[in-house]
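Enquirer: Just one file: structure22.tsv, with TSV, C-alpha atoms and all ligand atoms.
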chain	number	residue	atom	x	y	z
Q	1	MET	CA	-7.19	-11.15	28.52
Q	2	THR	CA	-10.82	-12.18	28.39
Q	3	TYR	CA	-12.24	-14.40	25.69
Q	4	ARG	CA	-14.15	-12.51	23.00
Q	5	SER	CA	-16.78	-14.65	21.36
Q	6	GLY	CA	-17.28	-14.64	17.62
Q	7	ARG	CA	-14.70	-14.00	14.95
Q	8	HIS	CA	-12.44	-10.99	15.03
Q	9	PHE	CA	-13.17	-8.77	12.00
Q	10	LEU	CA	-9.78	-8.23	10.38
Q	11	GLN	CA	-10.80	-5.45	8.00
Q	12	ILE	CA	-7.40	-3.89	7.46
Q	13	PRO	CA	-6.36	-3.87	3.79
Q	14	GLY	CA	-4.07	-6.83	4.39
Q	15	PRO	CA	-3.13	-9.15	5.83
Q	16	THR	CA	-6.66	-10.36	5.14
Q	17	ASN	CA	-8.81	-13.07	6.70
Q	18	VAL	CA	-7.40	-16.50	5.85
Q	19	PRO	CA	-10.23	-18.87	4.86
Q	20	ASP	CA	-10.59	-22.16	6.72
Q	21	ARG	CA	-9.77	-24.18	3.61
Q	22	VAL	CA	-6.41	-22.44	3.39
Q	23	LEU	CA	-5.72	-22.75	7.12
Q	24	ARG	CA	-6.42	-26.49	6.93
Q	25	ALA	CA	-4.18	-26.85	3.92
Q	26	ILE	CA	-1.31	-25.18	5.78
Q	27	ASP	CA	-1.85	-27.49	8.74
Q	28	LEU	CA	-0.27	-30.52	7.05
Q	29	PRO	CA	3.03	-32.18	7.95
Q	30	THR	CA	5.96	-30.36	6.36
Q	31	MET	CA	7.39	-32.50	3.56
Q	32	ASP	CA	10.90	-33.02	2.23
Q	33	HIS	CA	11.42	-30.10	-0.13
Q	34	ARG	CA	13.89	-32.24	-2.10
Q	35	GLY	CA	11.70	-35.34	-2.04
Q	36	PRO	CA	9.61	-36.80	-4.86
Q	37	GLU	CA	6.28	-35.16	-3.97
Q	38	PHE	CA	7.50	-31.58	-3.69
Q	39	GLY	CA	8.03	-31.02	-7.41
Q	40	ALA	CA	4.35	-31.53	-8.17
Q	41	LEU	CA	3.40	-28.94	-5.53
Q	42	GLY	CA	5.94	-26.44	-6.89
Q	43	LEU	CA	4.79	-26.91	-10.47
Q	44	GLU	CA	1.11	-26.58	-9.57
Q	45	VAL	CA	1.57	-23.31	-7.68
Q	46	LEU	CA	3.85	-21.79	-10.31
Q	47	GLU	CA	1.31	-22.65	-13.02
Q	48	GLY	CA	-1.62	-21.41	-10.92
Q	49	LEU	CA	0.14	-18.11	-10.25
Q	50	LYS	CA	0.58	-17.54	-13.99
Q	51	HIS	CA	-3.20	-17.69	-14.34
Q	52	VAL	CA	-3.64	-15.07	-11.61
Q	53	PHE	CA	-0.97	-12.76	-13.06
Q	54	GLN	CA	-2.56	-13.33	-16.49
Q	55	THR	CA	0.81	-14.29	-17.92
Q	56	THR	CA	2.45	-17.16	-19.79
Q	57	GLN	CA	5.91	-15.95	-18.73
Q	58	GLN	CA	8.12	-16.75	-15.72
Q	59	VAL	CA	7.00	-16.43	-12.12
Q	60	VAL	CA	9.25	-16.82	-9.07
Q	61	ILE	CA	8.21	-17.27	-5.43
Q	62	TYR	CA	10.24	-15.90	-2.52
Q	63	PRO	CA	9.81	-16.82	1.15
Q	64	ALA	CA	9.71	-13.10	1.95
Q	65	SER	CA	7.29	-10.25	2.54
Q	66	GLY	CA	6.35	-7.96	-0.35
Q	67	THR	CA	9.33	-5.71	0.39
Q	68	GLY	CA	11.62	-8.55	-0.67
Q	69	ALA	CA	9.90	-8.82	-4.04
Q	70	TRP	CA	10.29	-5.04	-4.52
Q	71	GLU	CA	14.03	-5.45	-3.97
Q	72	ALA	CA	14.18	-8.46	-6.29
Q	73	ALA	CA	12.55	-6.46	-9.10
Q	74	LEU	CA	15.13	-3.67	-8.83
Q	75	VAL	CA	18.34	-5.63	-8.19
Q	76	ASN	CA	17.73	-8.15	-10.96
Q	77	THR	CA	17.27	-5.60	-13.72
Q	78	LEU	CA	19.17	-2.40	-12.90
Q	79	SER	CA	22.69	-1.09	-12.31
Q	80	PRO	CA	24.11	1.44	-9.84
Q	81	GLY	CA	23.26	5.03	-10.82
Q	82	ASP	CA	20.39	4.05	-13.14
Q	83	LYS	CA	17.53	6.54	-13.29
Q	84	VAL	CA	14.05	5.23	-12.48
Q	85	LEU	CA	10.77	7.10	-12.83
Q	86	MET	CA	8.48	6.72	-9.79
Q	87	PHE	CA	5.26	8.41	-8.66
Q	88	GLU	CA	4.57	9.46	-5.10
Q	89	THR	CA	1.05	8.07	-4.98
Q	90	GLY	CA	1.26	7.44	-1.24
Q	91	HIS	CA	3.13	5.72	1.59
Q	92	PHE	CA	4.05	2.51	-0.25
Q	93	ALA	CA	5.26	4.28	-3.39
Q	94	THR	CA	7.41	6.41	-1.05
Q	95	LEU	CA	8.90	3.31	0.59
Q	96	TRP	CA	9.74	1.77	-2.79
Q	97	GLN	CA	11.40	5.02	-3.84
Q	98	LYS	CA	13.45	5.08	-0.60
Q	99	MET	CA	14.55	1.52	-1.27
Q	100	ALA	CA	15.63	2.44	-4.81
Q	101	THR	CA	17.73	5.29	-3.40
Q	102	LYS	CA	19.33	3.00	-0.78
Q	103	LEU	CA	20.23	0.53	-3.53
Q	104	GLY	CA	22.15	3.25	-5.40
Q	105	LEU	CA	19.55	4.04	-8.05
Q	106	GLN	CA	18.45	7.58	-8.91
Q	107	PRO	CA	14.68	7.83	-8.66
Q	108	GLU	CA	12.91	10.77	-10.23
Q	109	PHE	CA	9.93	11.02	-7.90
Q	110	VAL	CA	6.88	12.77	-9.32
Q	111	THR	CA	4.84	14.17	-6.44
Q	112	THR	CA	1.05	14.00	-6.01
Q	113	ASP	CA	-1.38	15.03	-3.29
Q	114	TRP	CA	-1.84	11.35	-2.26
Q	115	ARG	CA	-5.40	11.45	-3.64
Q	116	ARG	CA	-4.79	10.22	-7.17
Q	117	GLY	CA	-2.82	7.66	-9.14
Q	118	ALA	CA	0.16	8.01	-11.42
Q	119	ASP	CA	-0.91	10.23	-14.31
Q	120	PRO	CA	-0.40	8.50	-17.70
Q	121	SER	CA	0.13	11.85	-19.46
Q	122	ALA	CA	2.85	12.76	-16.93
Q	123	VAL	CA	4.54	9.41	-17.64
Q	124	GLU	CA	4.44	10.17	-21.35
Q	125	ALA	CA	5.76	13.73	-20.89
Q	126	LYS	CA	8.64	12.61	-18.63
Q	127	LEU	CA	9.66	9.89	-21.06
Q	128	ARG	CA	9.45	12.18	-24.10
Q	129	GLU	CA	11.76	14.66	-22.33
Q	130	ASP	CA	14.28	11.86	-21.73
Q	131	LYS	CA	15.87	11.98	-25.18
Q	132	THR	CA	18.96	9.96	-24.13
Q	133	HIS	CA	16.90	7.17	-22.57
Q	134	ALA	CA	18.60	7.67	-19.21
Q	135	ILE	CA	15.44	6.39	-17.48
Q	136	LYS	CA	15.79	2.62	-17.25
Q	137	ALA	CA	12.53	1.76	-15.52
Q	138	VAL	CA	9.08	3.16	-14.75
Q	139	CYS	CA	7.91	1.83	-11.35
Q	140	ILE	CA	4.24	2.17	-10.40
Q	141	VAL	CA	2.22	0.95	-7.42
Q	142	HIS	CA	-0.98	-0.40	-9.03
Q	143	ASN	CA	-3.13	-0.15	-5.92
Q	144	GLU	CA	-1.78	2.32	-3.33
Q	145	THR	CA	-2.85	0.65	-0.10
Q	146	SER	CA	-2.33	3.80	1.96
Q	147	THR	CA	-4.85	5.83	-0.05
Q	148	GLY	CA	-7.26	3.46	-1.80
Q	149	VAL	CA	-6.29	4.68	-5.27
Q	150	THR	CA	-5.69	2.39	-8.26
Q	151	SER	CA	-3.40	3.65	-11.00
Q	152	ARG	CA	-4.39	2.87	-14.60
Q	153	ILE	CA	-1.71	0.41	-15.66
Q	154	GLY	CA	-3.10	-0.21	-19.17
Q	155	ALA	CA	-3.13	3.56	-19.86
Q	156	ILE	CA	0.41	3.93	-18.47
Q	157	ARG	CA	1.59	1.16	-20.81
Q	158	LYS	CA	0.06	3.12	-23.72
Q	159	ALA	CA	1.84	6.26	-22.50
Q	160	ILE	CA	5.22	4.47	-22.47
Q	161	ASP	CA	4.54	3.18	-25.99
Q	162	ALA	CA	3.40	6.61	-27.21
Q	163	ALA	CA	6.70	8.08	-26.00
Q	164	LYS	CA	8.53	5.25	-27.83
Q	165	HIS	CA	10.69	4.80	-24.75
Q	166	PRO	CA	12.51	1.52	-23.99
Q	167	ALA	CA	12.29	1.73	-20.17
Q	168	LEU	CA	11.29	-1.38	-18.28
Q	169	PHE	CA	7.83	-1.25	-16.70
Q	170	MET	CA	7.58	-2.51	-13.10
Q	171	VAL	CA	4.32	-2.70	-11.19
Q	172	ASP	CA	3.58	-3.40	-7.52
Q	173	THR	CA	0.34	-5.40	-7.29
Q	174	ILE	CA	0.69	-6.30	-3.61
Q	175	SER	CA	-2.84	-5.12	-2.78
Q	176	SER	CA	-4.45	-5.68	-6.18
Q	177	LEU	CA	-3.46	-9.14	-7.40
Q	178	ALA	CA	-6.45	-11.50	-7.23
Q	179	SER	CA	-8.71	-8.57	-6.26
Q	180	ILE	CA	-8.55	-6.06	-9.11
Q	181	ASP	CA	-8.19	-6.97	-12.79
Q	182	TYR	CA	-4.48	-7.10	-13.60
Q	183	ARG	CA	-2.89	-8.28	-16.86
Q	184	HIS	CA	0.88	-8.79	-16.80
Q	185	ASP	CA	1.16	-9.87	-20.45
Q	186	GLU	CA	-1.51	-7.72	-22.08
Q	187	TRP	CA	-0.22	-4.57	-20.37
Q	188	GLY	CA	3.37	-5.34	-21.29
Q	189	VAL	CA	4.61	-5.25	-17.72
Q	190	ASP	CA	8.22	-6.41	-17.31
Q	191	VAL	CA	8.25	-7.15	-13.59
Q	192	THR	CA	5.13	-7.54	-11.47
Q	193	VAL	CA	5.62	-7.57	-7.71
Q	194	ALA	CA	3.05	-9.28	-5.48
Q	195	GLY	CA	2.57	-10.69	-1.98
Q	196	SER	CA	0.60	-13.51	-0.36
Q	197	GLN	CA	-1.30	-11.70	2.38
Q	198	LYS	CA	-4.02	-9.80	0.52
Q	199	GLY	CA	-6.06	-10.98	-2.47
Q	200	LEU	CA	-4.39	-14.38	-2.34
Q	201	MET	CA	-5.95	-14.96	1.11
Q	202	LEU	CA	-2.77	-16.35	2.69
Q	203	PRO	CA	-0.83	-15.32	5.76
Q	204	PRO	CA	2.10	-12.96	5.14
Q	205	GLY	CA	5.38	-14.59	4.15
Q	206	LEU	CA	5.40	-15.24	0.40
Q	207	SER	CA	6.07	-12.78	-2.38
Q	208	PHE	CA	6.36	-13.01	-6.12
Q	209	ASN	CA	7.88	-11.61	-9.27
Q	210	ALA	CA	6.29	-12.21	-12.67
Q	211	ILE	CA	9.04	-11.59	-15.22
Q	212	SER	CA	8.93	-10.72	-18.92
Q	213	GLU	CA	11.50	-11.88	-21.48
Q	214	LYS	CA	12.66	-8.26	-21.74
Q	215	ALA	CA	13.30	-8.16	-17.97
Q	216	ARG	CA	15.26	-11.43	-18.19
Q	217	GLN	CA	17.38	-9.88	-20.94
Q	218	ALA	CA	17.96	-6.81	-18.76
Q	219	ALA	CA	19.04	-9.13	-15.95
Q	220	GLN	CA	21.94	-10.34	-18.11
Q	221	SER	CA	23.63	-6.93	-17.94
Q	222	SER	CA	22.31	-5.68	-14.57
Q	223	LYS	CA	25.12	-4.80	-12.16
Q	224	LEU	CA	23.36	-4.33	-8.82
Q	225	PRO	CA	24.58	-7.01	-6.39
Q	226	LYS	CA	22.20	-9.91	-5.87
Q	227	SER	CA	22.46	-13.40	-4.52
Q	228	TYR	CA	19.35	-14.57	-2.64
Q	229	TRP	CA	17.12	-12.52	-4.98
Q	230	GLY	CA	18.78	-13.63	-8.24
Q	231	TRP	CA	16.20	-14.90	-10.73
Q	232	GLU	CA	18.13	-17.30	-12.93
Q	233	GLU	CA	18.82	-19.97	-10.32
Q	234	MET	CA	15.20	-19.82	-9.19
Q	235	ILE	CA	13.88	-20.08	-12.74
Q	236	ALA	CA	16.22	-23.01	-13.45
Q	237	SER	CA	15.13	-25.02	-10.41
Q	238	GLY	CA	11.51	-23.91	-10.84
Q	239	LYS	CA	11.35	-25.82	-14.14
Q	240	THR	CA	10.99	-29.01	-12.06
Q	241	GLY	CA	9.02	-27.33	-9.26
Q	242	TYR	CA	11.95	-27.14	-6.82
Q	243	PHE	CA	13.70	-24.22	-5.09
Q	244	PRO	CA	17.43	-23.44	-4.83
Q	245	TYR	CA	16.98	-23.19	-1.04
Q	246	THR	CA	14.47	-24.25	1.62
Q	247	PRO	CA	11.05	-22.97	0.54
Q	248	ALA	CA	8.17	-21.98	2.83
Q	249	THR	CA	6.61	-25.42	2.35
Q	250	ASN	CA	3.47	-24.99	4.44
Q	251	LEU	CA	2.66	-21.60	2.93
Q	252	LEU	CA	2.93	-23.28	-0.46
Q	253	TYR	CA	0.29	-25.81	0.63
Q	254	GLY	CA	-1.89	-22.82	1.47
Q	255	LEU	CA	-1.09	-21.16	-1.86
Q	256	ARG	CA	-2.10	-24.31	-3.74
Q	257	GLU	CA	-5.46	-24.28	-1.98
Q	258	ALA	CA	-5.99	-20.53	-2.48
Q	259	LEU	CA	-5.23	-20.83	-6.19
Q	260	ARG	CA	-7.72	-23.68	-6.50
Q	261	MET	CA	-10.35	-21.55	-4.76
Q	262	LEU	CA	-9.71	-18.62	-7.11
Q	263	ARG	CA	-10.12	-20.97	-10.09
Q	264	GLU	CA	-13.36	-22.33	-8.64
Q	265	GLU	CA	-14.80	-18.84	-8.22
Q	266	GLY	CA	-13.35	-17.60	-11.52
Q	267	LEU	CA	-11.16	-14.51	-11.75
Q	268	GLU	CA	-13.89	-12.48	-13.46
Q	269	ASN	CA	-16.25	-13.19	-10.56
Q	270	VAL	CA	-13.53	-12.39	-8.02
Q	271	PHE	CA	-12.99	-8.98	-9.63
Q	272	ALA	CA	-16.75	-8.31	-9.89
Q	273	ARG	CA	-17.18	-9.19	-6.21
Q	274	HIS	CA	-14.45	-6.73	-5.19
Q	275	ASP	CA	-15.97	-4.02	-7.42
Q	276	ARG	CA	-19.39	-4.60	-5.84
Q	277	HIS	CA	-18.12	-4.38	-2.28
Q	278	ALA	CA	-16.12	-1.25	-3.04
Q	279	GLU	CA	-19.17	0.43	-4.60
Q	280	ALA	CA	-21.34	-0.55	-1.61
Q	281	THR	CA	-18.72	0.91	0.75
Q	282	ARG	CA	-18.64	4.20	-1.15
Q	283	ARG	CA	-22.43	4.39	-0.99
Q	284	ALA	CA	-22.17	3.97	2.78
Q	285	ALA	CA	-19.52	6.69	2.96
Q	286	ARG	CA	-21.63	9.16	0.97
Q	287	ALA	CA	-24.66	8.47	3.14
Q	288	TRP	CA	-22.57	9.08	6.28
Q	289	GLY	CA	-21.26	12.30	4.74
Q	290	LEU	CA	-17.62	11.19	5.03
Q	291	GLU	CA	-15.22	12.13	2.26
Q	292	ILE	CA	-13.54	9.42	0.19
Q	293	LEU	CA	-9.80	10.12	0.03
Q	294	CYS	CA	-9.49	9.07	-3.63
Q	295	ALA	CA	-10.33	12.18	-5.66
Q	296	VAL	CA	-10.62	10.52	-9.07
Q	297	PRO	CA	-13.65	8.22	-9.49
Q	298	GLU	CA	-12.06	6.15	-12.26
Q	299	GLU	CA	-9.20	5.41	-9.84
Q	300	TYR	CA	-11.34	4.20	-6.93
Q	301	SER	CA	-9.79	1.08	-5.42
Q	302	SER	CA	-11.85	-2.09	-5.31
Q	303	SER	CA	-9.76	-3.64	-2.53
Q	304	LEU	CA	-10.01	-0.89	0.08
Q	305	THR	CA	-11.62	2.47	0.74
Q	306	ALA	CA	-9.86	5.21	2.71
Q	307	LEU	CA	-12.25	7.65	4.38
Q	308	MET	CA	-11.39	11.02	5.89
Q	309	THR	CA	-12.65	11.93	9.33
Q	310	PRO	CA	-13.86	15.55	9.72
Q	311	PRO	CA	-11.18	18.02	10.93
Q	312	GLY	CA	-10.68	17.78	14.70
Q	313	HIS	CA	-11.73	14.13	14.81
Q	314	ASP	CA	-8.82	11.70	15.13
Q	315	ALA	CA	-9.32	8.68	12.88
Q	316	ASP	CA	-7.20	6.55	15.22
Q	317	LYS	CA	-9.53	7.27	18.14
Q	318	LEU	CA	-12.39	6.04	15.99
Q	319	ARG	CA	-10.44	2.89	15.11
Q	320	LYS	CA	-9.66	2.31	18.79
Q	321	ALA	CA	-13.30	2.66	19.77
Q	322	ILE	CA	-14.34	0.19	17.06
Q	323	LEU	CA	-11.69	-2.33	18.08
Q	324	GLU	CA	-12.61	-2.15	21.74
Q	325	ALA	CA	-16.36	-2.22	21.32
Q	326	PHE	CA	-16.82	-4.46	18.29
Q	327	ASP	CA	-13.57	-6.41	17.91
Q	328	MET	CA	-12.89	-5.07	14.42
Q	329	SER	CA	-9.52	-3.87	13.13
Q	330	LEU	CA	-9.52	-1.15	10.48
Q	331	GLY	CA	-6.48	0.24	8.67
Q	332	THR	CA	-4.68	3.21	10.20
Q	333	GLY	CA	-3.66	6.37	8.33
Q	334	LEU	CA	-0.07	5.95	7.13
Q	335	GLY	CA	2.62	8.60	6.81
Q	336	ARG	CA	1.17	12.06	6.28
Q	337	LEU	CA	-2.37	10.62	6.57
Q	338	ALA	CA	-1.90	9.54	10.22
Q	339	GLY	CA	-4.97	10.44	12.29
Q	340	LYS	CA	-6.77	11.84	9.24
Q	341	VAL	CA	-8.05	8.72	7.51
Q	342	PHE	CA	-9.11	5.20	8.31
Q	343	ARG	CA	-9.09	2.43	5.76
Q	344	ILE	CA	-11.72	-0.23	5.27
Q	345	GLY	CA	-10.28	-3.37	3.68
Q	346	HIS	CA	-12.83	-5.24	1.55
Q	347	LEU	CA	-10.55	-7.69	-0.18
Q	348	GLY	CA	-9.71	-11.35	-0.07
Q	349	ASP	CA	-12.04	-13.92	1.48
Q	350	PHE	CA	-15.03	-11.65	1.82
Q	351	ASN	CA	-18.76	-11.72	1.07
Q	352	ASP	CA	-21.84	-9.49	1.22
Q	353	LEU	CA	-22.52	-10.28	4.86
Q	354	THR	CA	-18.92	-9.68	5.87
Q	355	LEU	CA	-19.23	-6.26	4.29
Q	356	ALA	CA	-22.60	-5.60	5.95
Q	357	GLY	CA	-21.07	-6.49	9.33
Q	358	THR	CA	-18.02	-4.35	8.65
Q	359	LEU	CA	-20.06	-1.29	7.71
Q	360	ALA	CA	-22.43	-1.79	10.65
Q	361	GLY	CA	-19.34	-1.78	12.89
Q	362	VAL	CA	-18.10	1.45	11.31
Q	363	GLU	CA	-21.50	3.13	11.67
Q	364	MET	CA	-21.82	2.13	15.33
Q	365	GLY	CA	-18.24	3.25	15.92
Q	366	LEU	CA	-18.87	6.69	14.39
Q	367	GLU	CA	-21.70	7.13	16.87
Q	368	LEU	CA	-19.65	5.84	19.78
Q	369	ALA	CA	-16.60	7.99	19.02
Q	370	GLY	CA	-18.72	11.10	18.49
Q	371	VAL	CA	-17.66	11.59	14.87
Q	372	PRO	CA	-20.24	13.77	13.12
Q	373	HIS	CA	-22.08	11.76	10.49
Q	374	LYS	CA	-25.52	11.03	9.10
Q	375	LYS	CA	-27.13	7.69	9.81
Q	376	GLY	CA	-28.01	5.20	7.10
Q	377	GLY	CA	-24.65	4.35	5.51
Q	378	ALA	CA	-24.87	0.65	6.32
Q	379	GLN	CA	-28.46	0.68	5.04
Q	380	ALA	CA	-27.41	2.30	1.75
Q	381	ALA	CA	-24.81	-0.43	1.29
Q	382	ILE	CA	-27.29	-3.17	2.14
Q	383	ASP	CA	-29.81	-1.78	-0.35
Q	384	TYR	CA	-27.15	-1.86	-3.05
Q	385	LEU	CA	-26.02	-5.39	-2.20
Q	386	ALA	CA	-29.62	-6.62	-2.18
Q	387	ALA	CA	-30.26	-5.01	-5.57
Q	388	CYS	CA	-27.08	-6.63	-6.94
Q	389	ALA	CA	-28.24	-10.00	-5.65
Q	390	LYS	CA	-31.46	-9.65	-7.66
Q	391	GLY	CA	-29.42	-9.66	-10.84
Q	392	PRO	CA	-27.77	-7.41	-13.42
Q	393	GLY	CA	-29.45	-4.08	-13.99
Q	394	SER	CA	-31.22	-3.96	-10.64
Q	395	GLN	CA	-28.33	-2.06	-8.97
Q	396	ARG	CA	-29.59	1.18	-10.48
Q	397	LYS	CA	-32.81	1.01	-8.55
Q	398	ALA	CA	-30.86	1.25	-5.33
Q	399	ALA	CA	-29.19	4.49	-6.45
Q	401	LIG	C1	1.13	-1.65	-2.15
Q	401	LIG	C2	2.10	-2.24	-1.18
Q	401	LIG	N1	3.38	-2.35	-1.53
Q	401	LIG	C3	4.30	-2.87	-0.71
Q	401	LIG	C4	3.97	-3.31	0.55
Q	401	LIG	C5	5.02	-3.87	1.45
Q	401	LIG	O1	4.81	-5.24	1.60
Q	401	LIG	P1	5.26	-6.02	2.92
Q	401	LIG	O2	4.76	-5.26	4.07
Q	401	LIG	O3	4.63	-7.38	2.73
Q	401	LIG	O4	6.74	-6.11	2.88
Q	401	LIG	C6	2.64	-3.23	0.97
Q	401	LIG	C7	2.24	-3.67	2.31
Q	401	LIG	O5	1.13	-3.52	2.74
Q	401	LIG	C8	1.69	-2.68	0.08
Q	401	LIG	O6	0.40	-2.58	0.44
Can you give me the file's structure in the form of structure tokens?
Expert:
Amino acid sequence: MTYRSGRHFLQIPGPTNVPDRVLRAIDLPTMDHRGPEFGALGLEVLEGLKHVFQTTQQVVIYPASGTGAWEAALVNTLSPGDKVLMFETGHFATLWQKMATKLGLQPEFVTTDWRRGADPSAVEAKLREDKTHAIKAVCIVHNETSTGVTSRIGAIRKAIDAAKHPALFMVDTISSLASIDYRHDEWGVDVTVAGSQKGLMLPPGLSFNAISEKARQAAQSSKLPKSYWGWEEMIASGKTGYFPYTPATNLLYGLREALRMLREEGLENVFARHDRHAEATRRAARAWGLEILCAVPEEYSSSLTALMTPPGHDADKLRKAILEAFDMSLGTGLGRLAGKVFRIGHLGDFNDLTLAGTLAGVEMGLELAGVPHKKGGAQAAIDYLAACAKGPGSQRKAA
């Protein structure tokens, strides 16, 4: 291995770049998780998470990847044989559906072409058809990381209400929390699933459930086996900031710092920054003449953009060329999208110049890998970013 100077550009849609402040916070001596100081740490991070989930209800933290929090959402609330309504928005929705099947649930899986989100009117129609209320939960991936499509959670809530259906509403925000506006309480979500390694700017290893009162009620009669994932013990010990088992102490130091940083920037500004970088990326894509995978403009993701390479041009070869020449990692095409798309992550600890560097790397890589494109994508993005920096209203001039 030879030393490569400069920072590696980790532009996959998570894990994201961990800011120095968070890295330094993690690099503290591990403390006694039953000692006097730990409770204050636990209470601060649980409170800070509520702000990010936009909830006043319970939050629990697992030392686990996001997959663990998916499982926790299902096993705490449901019983063997329960029907759940899921939408095949992409690779991650498919994995969650497979997990539900393995756990003994019966998912009804509404298919899509992997270019759009869960359709609120389809949710309403499915629930209206379900006269006996056999469907116990509607499970939606808010931001489908494999496609760069964001489902409209507020509209889906309205659809559930319009159908007057009592199903629980569960939402995966693993690649949207702290990047794209998300409102656990206002949107009446019963269980929100999240992870540490994306918008929260932490390494992988923590995951979360935000839990409504209705979900806690459902947990009382849920029959799926659970032990490690069980909420009640965690909620009980969380009241004093402690865990029922050994927590991931150093990741919690990092979480405390990340939550402070998000407060300092302000959630509104965090969301606006992600929206701006996503728009700049799409302007680059259009200038290059590359197709954006997301087919519905109101569902464009602000945390990543998946671009299609022209037929006959392997997206993974492009990614390889970019990694080798410019030391930048981009997201691969997952599942049925393998070789057909590459994904640009623009979430987490990220600014205008990081995006400019990222898009310059993509444009040079397109040239290097011989992918047909027009020049000027990075310039189109820069023009937009510069116009945004001049203040509100000036973005239009860059159009
Ligand atoms: C939307 C979404 N859901 C679930 C997962 C699975 O999370 P993990 O890989 O942390 O277990 C991911 C991972 O990238 C994801 O992006």
Enquirer: Smallest atom-to-atom distance to Lys136 (chain Q): which of Q:Ile174, Q:Ala218, Q:Ile61, Q:Ile211, using only C-alpha atoms?
Expert: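 Distance minimum relative to Lys136 (chain Q) lands on Q:Ala218.
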Enquirer: Counting only C-alpha atoms and all ligand atoms, which residue out of Q:Arg115, Q:Arg256, Q:His91, Q:Lys164 sits closest to ligand LIG 401 (chain Q)?
Expert: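 Smallest separation from ligand LIG 401 (chain Q) among the options: Q:His91.
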Enquirer: Using all atoms listed in the file, pick whichever of Q:Thr30, Q:Thr16, Q:Ser212, Q:Gln57 has the shortest atom-to-atom distance to ligand LIG 401 (chain Q).
Expert: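 When distances to ligand LIG 401 (chain Q) are compared using all atoms listed in the file, the smallest one comes from Q:Thr16.
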Enquirer: In terms of the shortest atom-to-atom distance over all atoms listed in the file, which of Q:Arg343, Q:Leu323, Q:Gly312, Q:Lys317 is closest to ligand LIG 401 (chain Q)?
Expert: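 Nearest candidate to ligand LIG 401 (chain Q) out of Q:Arg343, Q:Leu323, Q:Gly312, Q:Lys317: Q:Arg343.
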Enquirer: Write out as a PyMOL selection string each polymer residue (protein, DNA or RNA) that has an atom no more than 6 Å from ligand LIG 401 (chain Q), with all atoms listed in the file counted.
Expert: chain Q and resi 65-67+92+141+143-145+174-175
Enquirer: I need the residue nearest Ala258 (chain Q) from this list: Q:Ala155, Q:Ala287, Q:Leu293, Q:Ile26. Use only C-alpha atoms for the distance.
Expert: Q:Ile26
Enquirer: Looking at Q:Arg263, Q:Lys102, Q:Lys198, Q:Arg7, which one is nearest to Thr354 (chain Q), with distances taken over all atoms listed in the file?
Expert: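 Residue with the minimum atom-to-atom distance to Thr354 (chain Q): Q:Arg7.
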Enquirer: Using Å and a single decimal, report how far CA of Glu186 (chain Q) sits from CA of Asn209 (chain Q).
Expert: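 Rounded to one decimal, the two atoms are 16.4 Å apart.
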